[in-house]
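Structure file work.txt with compact mmCIF, C-alpha atoms:
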```txt
# COMPACT_ATOMS: atom_id res chain seq x y z
CA MET A 1 13.04 -61.76 54.45
CA LYS A 2 11.19 -59.97 51.66
CA SER A 3 12.13 -56.34 51.01
CA ALA A 4 9.36 -53.77 51.38
CA ALA A 5 11.13 -51.40 48.98
CA PRO A 6 8.99 -52.18 45.90
CA GLU A 7 5.78 -51.69 47.89
CA ILE A 8 7.07 -48.43 49.37
CA LEU A 9 8.03 -47.15 45.91
CA ASP A 10 4.57 -48.02 44.62
CA ILE A 11 2.95 -46.09 47.48
CA LEU A 12 5.22 -43.11 46.85
CA ASP A 13 4.31 -43.18 43.15
CA GLN A 14 0.62 -43.12 44.06
CA VAL A 15 1.11 -40.25 46.52
CA MET A 16 3.11 -38.24 43.98
CA ALA A 17 0.39 -38.73 41.36
CA ILE A 18 -2.18 -37.32 43.78
CA VAL A 19 0.04 -34.40 44.79
CA GLN A 20 0.88 -33.53 41.20
CA SER A 21 -2.72 -33.82 40.00
CA GLY A 22 -3.70 -30.33 41.11
CA PRO A 23 -3.10 -27.38 43.40
CA GLN A 24 -2.39 -28.21 47.02
CA ASP A 25 -3.31 -26.45 50.26
CA MET A 26 0.04 -25.35 51.66
CA SER A 27 -1.30 -23.79 54.89
CA TRP A 28 0.30 -26.63 56.90
CA GLN A 29 3.78 -25.31 56.10
CA SER A 30 3.66 -22.62 58.77
CA ARG A 31 3.35 -25.33 61.44
CA TYR A 32 6.84 -26.73 60.81
CA ALA A 33 10.15 -24.93 61.28
CA ASP A 34 11.88 -27.13 58.69
CA VAL A 35 11.66 -30.36 56.72
CA ALA A 36 13.19 -32.39 59.57
CA GLU A 37 10.34 -31.36 61.88
CA LEU A 38 7.74 -32.37 59.27
CA VAL A 39 9.43 -35.73 58.67
CA GLY A 40 9.61 -36.31 62.42
CA ASP A 41 5.89 -35.62 62.78
CA LEU A 42 5.02 -37.91 59.89
CA THR A 43 7.27 -40.62 61.33
CA ASP A 44 5.55 -40.33 64.71
CA HIS A 45 2.13 -40.68 63.05
CA PHE A 46 3.34 -43.69 61.05
CA ARG A 47 4.66 -45.42 64.17
CA ALA A 48 1.44 -44.74 66.08
CA ASP A 49 -0.65 -46.11 63.21
CA SER A 50 1.62 -49.16 62.87
CA ALA A 51 1.28 -49.95 66.57
CA ARG A 52 -2.49 -50.42 66.26
```
Exercise: express the given structure as structure tokens:
Amino acid sequence: MKSAAPEILDILDQVMAIVQSGPQDMSWQSRYADVAELVGDLTDHFRADSAR
């Protein structure tokens, strides 16, 4: 079984380049009590998208 780690790292590098390229809208932060809640929400979205 092939590891997805290199592909995931490449995606993260691309995301970080976008995030670091300029100022970001941080208004979403007030919607989450902590990082765990944000990660949980992102995980739920990922799973829903993967199920399609």
Atom CA of A:Gln20 to atom CA of A:Ser50, distance in Å rounded to a single decimal: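 Here the two named atoms are 26.7 Å from each other.
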Between atom CA of A:Ala4 and atom CA of A:Arg47, distance in Å (one decimal):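 So the answer is 16.0 Å.
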Computed interatomic separation between atom CA of A:Ala36 and atom CA of A:Arg52 (Å):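 Value for the atom CA of A:Ala36-atom CA of A:Arg52 distance: 24.8 Å.
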